[in-house]
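Listing of work_19.txt; format and content: compact mmCIF, C-alpha atoms and all ligand atoms.
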```
# COMPACT_ATOMS: atom_id res chain seq x y z
CA MET A 1 0.00 0.00 0.00
CA PRO A 2 1.26 3.47 -0.78
CA ALA A 3 2.63 5.45 2.12
CA ASP A 4 1.74 8.81 0.60
CA PRO A 5 -1.99 9.65 1.06
CA THR A 6 -2.22 11.74 -2.13
CA ALA A 7 -0.62 8.84 -4.02
CA ALA A 8 -3.25 6.53 -2.52
CA ASP A 9 -6.01 8.92 -3.67
CA LEU A 10 -4.60 8.99 -7.18
CA LEU A 11 -4.34 5.23 -7.44
CA ALA A 12 -7.89 4.91 -6.09
CA ALA A 13 -9.12 7.41 -8.70
CA ALA A 14 -7.38 5.45 -11.49
CA ARG A 15 -8.96 2.24 -10.21
CA ALA A 16 -12.38 3.87 -9.97
CA ASP A 17 -12.05 4.82 -13.65
CA ALA A 18 -10.78 1.37 -14.69
CA ALA A 19 -13.99 0.34 -16.46
CA ARG A 20 -13.66 3.23 -18.93
CA THR A 21 -9.97 2.52 -19.47
CA VAL A 22 -10.66 -1.17 -20.14
CA ASP A 23 -13.60 -0.37 -22.42
CA LEU A 24 -11.47 1.97 -24.53
CA ARG A 25 -8.69 -0.60 -24.66
CA ARG A 26 -11.05 -3.34 -25.83
CA ARG A 27 -12.60 -1.16 -28.53
CA LEU A 28 -9.10 -0.46 -29.87
CA HIS A 29 -8.17 -4.12 -29.54
CA ARG A 30 -11.05 -5.23 -31.77
CA GLN A 31 -10.08 -2.81 -34.56
CA PRO A 32 -6.28 -2.89 -34.87
CA GLU A 33 -4.53 -0.96 -37.65
CA ILE A 34 -0.93 -1.05 -38.88
CA GLY A 35 1.51 1.70 -39.78
CA LEU A 36 1.26 5.47 -40.02
CA HIS A 37 -2.34 5.79 -41.19
CA LEU A 38 -4.82 4.57 -38.58
CA PRO A 39 -8.14 6.27 -39.34
CA LYS A 40 -10.37 4.10 -37.14
CA THR A 41 -7.98 4.26 -34.23
CA GLN A 42 -7.59 8.01 -34.62
CA ALA A 43 -11.39 8.44 -34.60
CA ILE A 44 -11.65 6.52 -31.31
CA VAL A 45 -8.85 8.65 -29.80
CA LEU A 46 -10.44 11.92 -30.94
CA ASP A 47 -13.78 10.81 -29.52
CA ALA A 48 -12.15 10.04 -26.17
CA PHE A 49 -10.48 13.48 -26.07
CA ALA A 50 -13.68 15.27 -27.14
CA ASP A 51 -15.26 15.82 -23.72
CA LEU A 52 -12.01 16.88 -22.02
CA PRO A 53 -10.65 20.45 -21.72
CA ILE A 54 -7.79 19.54 -24.05
CA GLU A 55 -6.80 21.27 -27.30
CA VAL A 56 -6.37 18.58 -29.93
CA THR A 57 -4.55 18.71 -33.26
CA THR A 58 -4.03 15.93 -35.77
CA GLY A 59 -0.98 15.21 -37.90
CA SER A 60 -0.77 16.21 -41.54
CA SER A 61 1.52 13.41 -42.74
CA THR A 62 0.22 10.66 -40.41
CA SER A 63 -2.74 9.82 -38.13
CA SER A 64 -0.98 11.29 -35.11
CA VAL A 65 -2.91 13.14 -32.40
CA VAL A 66 -1.49 15.79 -30.07
CA GLY A 67 -3.47 17.00 -27.06
CA VAL A 68 -2.52 19.98 -24.92
CA LEU A 69 -3.87 20.40 -21.39
CA ARG A 70 -3.18 23.81 -19.86
CA GLY A 71 -2.77 23.97 -16.10
CA ALA A 72 -4.15 26.71 -13.86
CA ARG A 73 -0.79 28.50 -13.77
CA PRO A 74 1.99 29.01 -16.30
CA GLY A 75 5.01 26.75 -16.29
CA PRO A 76 6.96 24.23 -18.34
CA THR A 77 5.52 21.65 -20.72
CA TYR A 78 5.68 17.93 -20.01
CA LEU A 79 5.06 15.22 -22.60
CA LEU A 80 3.35 11.85 -22.08
CA ARG A 81 3.37 9.36 -24.93
CA GLY A 82 1.14 6.49 -26.01
CA ASP A 83 1.63 4.66 -29.31
CA MET A 84 -1.38 3.24 -31.12
CA ASP A 85 -0.35 0.92 -33.98
CA ALA A 86 -0.76 -2.85 -34.22
CA LEU A 87 1.19 -5.68 -35.88
CA PRO A 88 0.71 -8.02 -38.86
CA VAL A 89 -0.04 -10.96 -36.57
CA HIS A 90 -3.14 -13.17 -36.62
CA GLU A 91 -4.60 -13.22 -33.12
CA ASP A 92 -5.00 -16.66 -31.52
CA THR A 93 -5.83 -15.68 -27.93
CA GLY A 94 -9.49 -16.64 -28.00
CA LEU A 95 -10.36 -13.49 -26.00
CA ASP A 96 -13.95 -12.37 -26.41
CA PHE A 97 -12.70 -8.95 -27.52
CA ALA A 98 -10.09 -10.41 -29.90
CA SER A 99 -9.15 -8.68 -33.13
CA GLU A 100 -11.92 -8.58 -35.73
CA VAL A 101 -9.35 -7.88 -38.46
CA PRO A 102 -7.78 -11.08 -39.87
CA GLY A 103 -4.00 -10.95 -39.79
CA VAL A 104 -3.79 -7.83 -37.63
CA MET A 105 -3.42 -7.78 -33.85
CA HIS A 106 -2.52 -5.43 -31.01
CA ALA A 107 0.17 -7.93 -30.09
CA CYS A 108 2.48 -5.33 -28.52
CA GLY A 109 -0.18 -3.86 -26.26
CA HIS A 110 -0.25 -0.41 -27.83
CA ASP A 111 -4.03 -0.45 -27.33
CA THR A 112 -3.36 -0.48 -23.58
CA HIS A 113 -0.98 2.48 -23.97
CA VAL A 114 -3.64 4.62 -25.64
CA ALA A 115 -6.22 3.62 -23.04
CA MET A 116 -3.86 4.46 -20.16
CA LEU A 117 -2.87 7.78 -21.73
CA LEU A 118 -6.52 8.78 -22.15
CA GLY A 119 -7.19 7.67 -18.58
CA ALA A 120 -4.34 9.93 -17.47
CA ALA A 121 -5.78 12.77 -19.58
CA ARG A 122 -9.11 12.43 -17.73
CA LEU A 123 -7.50 12.44 -14.28
CA LEU A 124 -5.14 15.30 -15.14
CA SER A 125 -8.05 17.33 -16.52
CA GLU A 126 -9.71 17.01 -13.10
CA ARG A 127 -6.47 18.17 -11.47
CA ARG A 128 -5.75 21.24 -13.61
CA ASP A 129 -5.59 23.41 -10.48
CA ALA A 130 -2.54 21.46 -9.36
CA LEU A 131 -0.69 22.03 -12.64
CA ALA A 132 1.74 24.89 -13.22
CA GLY A 133 2.37 24.32 -16.90
CA GLN A 134 1.08 22.19 -19.75
CA VAL A 135 0.80 18.48 -20.47
CA VAL A 136 1.27 17.37 -24.08
CA PHE A 137 -0.34 14.02 -24.92
CA MET A 138 1.58 12.44 -27.79
CA VAL A 139 -0.56 9.75 -29.44
CA GLN A 140 1.59 8.33 -32.18
CA PRO A 141 1.10 5.92 -35.04
CA GLY A 142 3.81 3.82 -36.63
CA GLU A 143 5.96 2.79 -33.69
CA GLU A 144 6.49 -0.69 -35.14
CA GLY A 145 9.26 0.29 -37.55
CA TYR A 146 7.56 3.23 -39.29
CA HIS A 147 9.33 6.06 -37.42
CA GLY A 148 6.00 7.58 -36.31
CA ALA A 149 7.66 9.63 -33.56
CA ARG A 150 10.07 11.18 -36.07
CA PHE A 151 7.18 12.38 -38.23
CA MET A 152 5.59 13.99 -35.18
CA LEU A 153 8.84 15.72 -34.22
CA GLU A 154 9.19 17.02 -37.79
CA GLU A 155 5.67 18.45 -37.52
CA GLY A 156 6.60 20.43 -34.42
CA LEU A 157 5.55 18.13 -31.58
CA LEU A 158 7.95 19.73 -29.11
CA ASP A 159 6.57 23.20 -29.91
CA ALA A 160 2.93 22.23 -29.41
CA VAL A 161 2.96 24.97 -26.76
CA PRO A 162 4.96 27.68 -28.57
CA GLU A 163 5.77 29.75 -25.47
CA ALA A 164 7.01 26.70 -23.53
CA PRO A 165 8.67 23.96 -25.61
CA VAL A 166 8.50 20.45 -24.19
CA SER A 167 11.19 20.08 -21.52
CA GLY A 168 10.56 16.57 -20.20
CA ALA A 169 8.94 13.35 -21.42
CA PHE A 170 7.70 10.02 -20.16
CA ALA A 171 6.35 6.87 -21.79
CA LEU A 172 5.17 3.49 -20.57
CA HIS A 173 5.24 0.16 -22.39
CA VAL A 174 3.41 -2.97 -21.23
CA SER A 175 5.23 -6.28 -21.17
CA THR A 176 4.48 -9.81 -20.01
CA MET A 177 8.14 -10.17 -19.00
CA TRP A 178 7.26 -8.77 -15.57
CA ARG A 179 4.62 -9.39 -12.89
CA SER A 180 1.44 -7.44 -13.38
CA GLY A 181 1.42 -3.91 -12.03
CA THR A 182 5.19 -3.58 -11.55
CA ILE A 183 7.27 -0.72 -12.95
CA ASN A 184 10.67 -1.56 -14.42
CA VAL A 185 13.12 1.05 -15.58
CA ARG A 186 16.84 1.78 -15.69
CA PRO A 187 19.12 4.79 -16.14
CA GLY A 188 21.02 5.16 -19.41
CA PRO A 189 20.51 2.75 -22.30
CA MET A 190 17.07 1.16 -21.97
CA MET A 191 16.60 -0.35 -25.41
CA ALA A 192 18.89 -0.93 -28.39
CA SER A 193 19.39 0.71 -31.74
CA ALA A 194 18.08 -1.47 -34.57
CA ASP A 195 19.47 -1.12 -38.10
CA GLN A 196 18.64 -3.28 -41.09
CA TRP A 197 21.21 -4.09 -43.72
CA THR A 198 21.68 -6.25 -46.78
CA VAL A 199 24.83 -7.54 -48.46
CA THR A 200 24.27 -8.74 -52.01
CA VAL A 201 27.12 -10.84 -53.36
CA HIS A 202 27.46 -10.51 -57.13
CA GLY A 203 28.92 -13.58 -58.83
CA ARG A 204 28.45 -15.14 -62.25
CA GLY A 205 25.83 -17.79 -62.89
CA GLY A 206 26.60 -21.13 -64.51
CA HIS A 207 26.25 -24.91 -64.49
CA ALA A 208 26.52 -26.51 -61.06
CA SER A 209 28.97 -29.09 -62.44
CA THR A 210 31.51 -26.49 -63.58
CA PRO A 211 31.94 -23.96 -60.77
CA HIS A 212 35.36 -22.97 -62.15
CA LEU A 213 33.58 -21.50 -65.19
CA ALA A 214 31.20 -19.52 -62.97
CA ALA A 215 31.65 -17.33 -59.88
CA ASP A 216 29.58 -18.95 -57.15
CA PRO A 217 28.21 -16.39 -54.64
CA VAL A 218 26.73 -19.05 -52.31
CA PRO A 219 29.89 -20.12 -50.39
CA VAL A 220 30.94 -16.46 -50.30
CA ALA A 221 27.66 -15.53 -48.61
CA ALA A 222 28.18 -18.39 -46.13
CA GLU A 223 31.71 -17.15 -45.40
CA ILE A 224 30.43 -13.60 -44.87
CA ILE A 225 27.86 -14.80 -42.33
CA LEU A 226 30.50 -16.65 -40.30
CA ALA A 227 33.01 -13.81 -40.62
CA LEU A 228 30.42 -11.41 -39.21
CA GLN A 229 30.11 -13.48 -36.05
CA SER A 230 33.90 -13.51 -35.62
CA MET A 231 33.91 -9.76 -36.22
CA VAL A 232 31.34 -9.18 -33.46
CA THR A 233 33.18 -11.24 -30.84
CA ARG A 234 36.67 -9.91 -31.70
CA ARG A 235 35.94 -6.21 -32.25
CA THR A 236 33.23 -5.53 -29.68
CA ASP A 237 33.86 -4.60 -26.07
CA VAL A 238 31.65 -6.97 -24.06
CA PHE A 239 30.61 -4.01 -21.92
CA ASP A 240 29.44 -2.09 -25.00
CA PRO A 241 27.84 -4.99 -26.80
CA ALA A 242 26.40 -5.64 -30.23
CA VAL A 243 24.15 -8.27 -31.76
CA VAL A 244 24.41 -9.06 -35.47
CA THR A 245 21.79 -11.50 -36.70
CA VAL A 246 21.28 -12.74 -40.25
CA GLY A 247 17.60 -13.56 -40.43
CA HIS A 248 17.18 -13.85 -44.17
CA LEU A 249 19.32 -15.57 -46.75
CA GLU A 250 18.43 -16.02 -50.38
CA ALA A 251 20.24 -17.51 -53.37
CA GLY A 252 19.27 -19.70 -56.29
CA HIS A 253 16.23 -21.84 -56.98
CA THR A 254 17.47 -25.34 -57.77
CA ASP A 255 20.34 -27.79 -57.28
CA ASN A 256 22.04 -27.74 -60.65
CA VAL A 257 22.37 -24.01 -61.29
CA ILE A 258 24.93 -21.63 -59.78
CA PRO A 259 23.01 -18.40 -59.18
CA GLU A 260 24.20 -14.95 -60.15
CA THR A 261 23.69 -13.38 -56.72
CA ALA A 262 23.27 -14.23 -53.05
CA LEU A 263 21.46 -11.98 -50.59
CA VAL A 264 22.35 -11.77 -46.90
CA HIS A 265 19.88 -9.70 -44.84
CA GLY A 266 20.16 -8.94 -41.15
CA THR A 267 19.84 -6.63 -38.18
CA ILE A 268 22.33 -4.88 -35.91
CA ARG A 269 21.49 -4.07 -32.28
CA THR A 270 23.73 -1.89 -30.14
CA LEU A 271 23.56 0.24 -26.99
CA SER A 272 25.75 3.20 -28.00
CA PRO A 273 26.11 5.42 -31.09
CA GLU A 274 29.85 4.61 -31.21
CA ARG A 275 29.25 0.88 -31.30
CA ARG A 276 26.45 1.32 -33.79
CA ASN A 277 28.67 3.22 -36.24
CA ASP A 278 31.56 0.81 -35.84
CA VAL A 279 29.46 -2.32 -36.37
CA LEU A 280 27.70 -0.84 -39.39
CA ALA A 281 31.06 -0.01 -40.98
CA SER A 282 32.39 -3.44 -40.07
CA VAL A 283 29.48 -5.32 -41.62
CA GLN A 284 30.04 -3.38 -44.83
CA ARG A 285 33.79 -3.96 -44.77
CA VAL A 286 33.54 -7.68 -44.05
CA GLY A 287 30.91 -8.16 -46.75
CA GLU A 288 32.79 -6.27 -49.42
CA HIS A 289 36.22 -7.67 -48.64
CA VAL A 290 35.25 -11.33 -48.22
CA ALA A 291 33.62 -11.05 -51.65
CA LEU A 292 36.76 -9.37 -53.00
CA ALA A 293 38.89 -12.21 -51.65
CA HIS A 294 36.96 -14.49 -54.01
CA ASP A 295 37.19 -12.08 -56.94
CA MET A 296 33.56 -11.01 -56.58
CA THR A 297 31.87 -7.83 -55.46
CA ALA A 298 29.34 -7.21 -52.71
CA GLU A 299 26.91 -4.35 -52.43
CA PHE A 300 26.04 -3.12 -48.92
CA VAL A 301 22.75 -1.33 -48.22
CA HIS A 302 21.86 0.12 -44.83
CA VAL A 303 18.28 0.88 -43.81
CA GLU A 304 18.44 3.16 -40.81
CA GLY A 305 16.38 2.04 -37.84
CA TYR A 306 15.72 3.50 -34.40
CA PRO A 307 18.56 4.94 -32.32
CA VAL A 308 19.37 3.71 -28.82
CA THR A 309 16.65 4.58 -26.28
CA VAL A 310 18.53 6.38 -23.52
CA ASN A 311 16.82 7.24 -20.23
CA ASP A 312 17.97 10.30 -18.34
CA ALA A 313 19.50 8.97 -15.10
CA ASP A 314 17.71 11.50 -12.86
CA VAL A 315 14.34 10.91 -14.50
CA ALA A 316 14.76 7.13 -14.28
CA ALA A 317 15.46 7.53 -10.55
CA GLN A 318 12.32 9.68 -10.23
CA VAL A 319 10.28 6.98 -11.98
CA THR A 320 11.56 4.35 -9.57
CA ALA A 321 10.82 6.52 -6.53
CA THR A 322 7.43 7.66 -7.84
CA ALA A 323 6.36 4.10 -8.66
CA ALA A 324 7.44 2.94 -5.19
CA ALA A 325 5.40 5.74 -3.54
CA LEU A 326 2.36 5.00 -5.70
CA LEU A 327 2.40 1.23 -5.96
CA GLY A 328 4.64 0.08 -3.12
CA GLU A 329 8.36 -0.74 -2.96
CA GLN A 330 7.81 -4.30 -4.18
CA ALA A 331 6.24 -2.98 -7.40
CA SER A 332 9.18 -0.79 -8.44
CA ALA A 333 12.41 -2.24 -9.77
CA VAL A 334 15.58 -1.12 -11.53
CA MET A 335 16.30 -3.29 -14.56
CA PRO A 336 19.82 -4.79 -14.35
CA VAL A 337 20.25 -4.78 -18.13
CA PRO A 338 18.62 -3.14 -21.16
CA LEU A 339 16.45 -4.95 -23.68
CA MET A 340 17.85 -5.39 -27.20
CA GLY A 341 14.50 -4.56 -28.78
CA ALA A 342 14.06 -1.02 -30.12
CA GLU A 343 11.66 1.88 -29.63
CA ASP A 344 11.07 5.09 -31.54
CA PHE A 345 10.50 7.04 -28.30
CA SER A 346 14.30 7.17 -28.64
CA TYR A 347 13.83 10.11 -31.04
CA VAL A 348 12.01 12.07 -28.31
CA LEU A 349 14.62 11.17 -25.69
CA GLU A 350 17.38 12.40 -28.03
CA ARG A 351 15.78 15.85 -27.82
CA VAL A 352 14.52 16.16 -24.23
CA PRO A 353 15.47 14.47 -20.95
CA GLY A 354 12.98 11.81 -19.98
CA ALA A 355 12.44 8.12 -19.55
CA MET A 356 10.55 5.14 -20.78
CA ALA A 357 9.50 2.43 -18.33
CA PHE A 358 7.98 -1.02 -18.62
CA LEU A 359 4.69 -1.79 -16.92
CA GLY A 360 4.52 -5.48 -16.07
CA ALA A 361 1.28 -6.97 -17.40
CA CYS A 362 1.77 -10.72 -17.15
CA PRO A 363 -1.55 -12.39 -16.29
CA PRO A 364 -1.27 -13.55 -12.65
CA GLU A 365 -1.96 -17.19 -13.54
CA LEU A 366 1.10 -17.23 -15.86
CA ASP A 367 4.85 -17.11 -15.18
CA PRO A 368 6.60 -14.06 -16.69
CA ALA A 369 9.50 -16.35 -17.66
CA THR A 370 7.31 -18.47 -19.93
CA ALA A 371 4.20 -16.39 -20.71
CA PRO A 372 3.66 -15.58 -24.41
CA GLY A 373 5.62 -12.38 -24.99
CA ASN A 374 4.97 -9.13 -26.81
CA HIS A 375 4.45 -9.73 -30.57
CA SER A 376 3.20 -13.29 -29.96
CA ASN A 377 -0.14 -14.33 -31.51
CA HIS A 378 -1.00 -15.72 -28.05
CA VAL A 379 0.02 -12.76 -25.88
CA VAL A 380 -2.51 -11.60 -23.27
CA PHE A 381 -1.93 -8.48 -21.15
CA ASP A 382 -3.43 -8.27 -17.67
CA GLU A 383 -5.89 -5.38 -17.65
CA ASP A 384 -5.65 -5.08 -13.86
CA ALA A 385 -2.26 -3.43 -14.45
CA LEU A 386 -3.77 -0.51 -16.35
CA PRO A 387 -4.80 1.68 -13.37
CA SER A 388 -1.21 1.48 -12.09
CA GLY A 389 0.01 2.79 -15.43
CA VAL A 390 -2.60 5.53 -15.51
CA ALA A 391 -1.65 6.67 -12.01
CA LEU A 392 2.05 6.70 -12.87
CA TYR A 393 1.51 8.79 -16.00
CA VAL A 394 -0.51 11.28 -13.91
CA GLN A 395 1.97 11.39 -11.05
CA MET A 396 4.95 11.94 -13.37
CA ALA A 397 3.17 14.95 -14.90
CA LEU A 398 2.05 16.28 -11.50
CA ASN A 399 5.63 16.04 -10.20
CA ALA A 400 7.05 17.80 -13.26
CA LEU A 401 4.49 20.61 -13.07
CA ALA A 402 4.13 20.95 -9.30
ZN ZN A 501 5.57 -1.92 -28.66
```
Target format structure tokens, applied to this file:
Amino acid sequence: MPADPTAADLLAAARADAARTVDLRRRLHRQPEIGLHLPKTQAIVLDAFADLPIEVTTGSSTSSVVGVLRGARPGPTYLLRGDMDALPVHEDTGLDFASEVPGVMHACGHDTHVAMLLGAARLLSERRDALAGQVVFMVQPGEEGYHGARFMLEEGLLDAVPEAPVSGAFALHVSTMWRSGTINVRPGPMMASADQWTVTVHGRGGHASTPHLAADPVPVAAEIILALQSMVTRRTDVFDPAVVTVGHLEAGHTDNVIPETALVHGTIRTLSPERRNDVLASVQRVGEHVALAHDMTAEFVHVEGYPVTVNDADVAAQVTATAAALLGEQASAVMPVPLMGAEDFSYVLERVPGAMAFLGACPPELDPATAPGNHSNHVVFDEDALPSGVALYVQMALNALA
């Protein structure tokens, strides 16, 4: 139980409003949409904002929504984020509010993020007198690889209140990796950078029986893949790590033809910009030079992904302390290590100090170690965790604008 009586009141208010939060979440869950253009989702969000004293604007290049709540007194501007896109996954949970769109599912729980953010907007609207400053509600599309946050930044997200640019930011993400209702955060790197790359080896096609008359790109591609793993272990400081995974390999169509090309396609995850740049350059160098060693060429293409998500150390400490005061010491933990997944809230945290935290949402009857995880077609998030997330969003804003 929270020691702080105002914290107890806030948590009680979030719990009292839980039915509306869950209802909004389930409506979003039934109608998931993918990418940057989410018209049905946006309509639900706009409807939820409509009866609140919040100025709302929508994006011009995407379905983003920005809400501004002005406090009773002037002050700084604090940003709270919820992302709202789904994944190309066919839902197999059997829930009675399961996705009604075949092949599309809120498998990363972004529906819960929108519902919690709107719950926080309701509670903060009732507490305007306690706010010296503004709260910006960032409701973003396209988190799942579409750089939705970057589009919003380009459209002036941080200047939503022109006289007081955003000076702090906070986001929550649900996960079944932790017990329901717990808050998990860490200072510094929280999630990894994620870059895509391809190496295409250009050989010369021919008959499988006469490789000496052709230039076979297949063993070269195999050599590149192994050389990349040696590169990672020999060049990378274990305390500033990198993951290089080849997830896609393509060459040829049959047994008796040497193909012209071989494609190697993978991802790079790192926890620092220095490591990221070095590994990118190394993948290119290894690819090109292994091919050269066999008198072939290789073409390297980099598709830039999200940068490292870096939490401000002071803000992360505030999150831990605030969660402990709100939810109890046992519900607030510092993560020993980052996750190697990626997040486009990283773009916001590159510009303003802030933090992202994980809200544990593993159903109580399951074990977080083995429960279906985010992005699984079987993942189920415990809705009893949502009031805790709502209360934390509200308390972070109240603290920032006290
Ligand atoms: Zn997600």
Subject >> Within 12 Å of Leu95 (chain A) using all atoms listed in the file, minus same-chain residues under 6 positions, as a PyMOL selection string >> reply: chain A and resi 26+29-30+105+377-381
Subject >> For region 337-345 of chain A: contacts at 7 Å, only C-alpha atoms, fewer than 4 positions along chain excluded, given as a PyMOL selection string >> reply: chain A and resi 143+147+149+189-194+269+306+309+349
Subject >> Contacts of region 58-75 of chain A at 7 Å (all atoms listed in the file; same-chain gap of 2+ positions) as a list in words >> reply: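 The residues that qualify are Leu36, His37, Leu38, Pro39, Gln42, Pro53, Ile54, Glu55, Val56, Thr77, Arg128, Asp129, Leu131, Ala132, Gly133, Gln134, Val135, Val136, Phe137, Met138, Val139, Gln140, Pro141 and Leu401 of chain A.
For Leu228 (chain A), the set of protein, DNA and RNA residues having any atom at most 10 Å away, when counting all atoms listed in the file and skipping those fewer than 2 positions along the same chain, is Glu223, Ile224, Ile225, Leu226, Ser230, Met231, Val232, Thr233, Arg234, Val244, Thr245, Val246, Val279, Ser282, Val283, Gln284, Arg285, Val286 and Gly287 of chain A.
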**OP:** Write as a list in words the residues around ligand ZN 501 (chain A), taking 7 Å as the cut-off and counting all atoms listed in the file.
**Re:**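 Going residue by residue within 7 Å of ligand ZN 501 (chain A), we get Cys108, Gly109, His110, Glu143, Glu144 and His173 of chain A.
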Original post:
Which polymer residues have any atom within 12 Å of an atom of Ala400 (chain A), counting all atoms listed in the file, with same-chain residues fewer than 4 positions away left out, as JSON, numbers by chain?
Top reply: {"A": [71, 75, 76, 77, 78, 79, 80, 130, 131, 132, 133, 134, 135, 166, 167, 168, 169, 170, 315, 318, 319, 322, 353, 354, 393, 394, 395, 396]}
**OP:** Could you check which of A:Ala331, A:Leu172, A:Leu386, A:Ala323 is closest to Gly119 (chain A), using all atoms listed in the file?
**Re:**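 Of the candidates, the smallest distance to Gly119 (chain A) is held by A:Leu386.
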Subject >> Gap from CA of Glu260 (chain A) to CA of Val218 (chain A) - Å, one decimal >> reply: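 These atoms are spaced 9.2 Å apart.
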**OP:** Go through A:Glu163, A:Glu274, A:Asp83, A:Asp23 one by one, measure the shortest atom-to-atom distance of each to Pro307 (chain A) using all atoms listed in the file, and give the residue with the smallest value.
**Re:** A:Glu274
Subject >> Residue nearest Gly328 (chain A) - candidates A:Leu10, A:Leu157, A:Ala164, A:Ile183, atoms counted: only C-alpha atoms >> reply: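 Of all the options, A:Ile183 lies closest to Gly328 (chain A).
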Original post:
Looking at all atoms listed in the file, which of A:His212, A:Arg150, A:His302, A:Lys40 is the one that sits closest to Thr198 (chain A)?
Top reply: A:His302
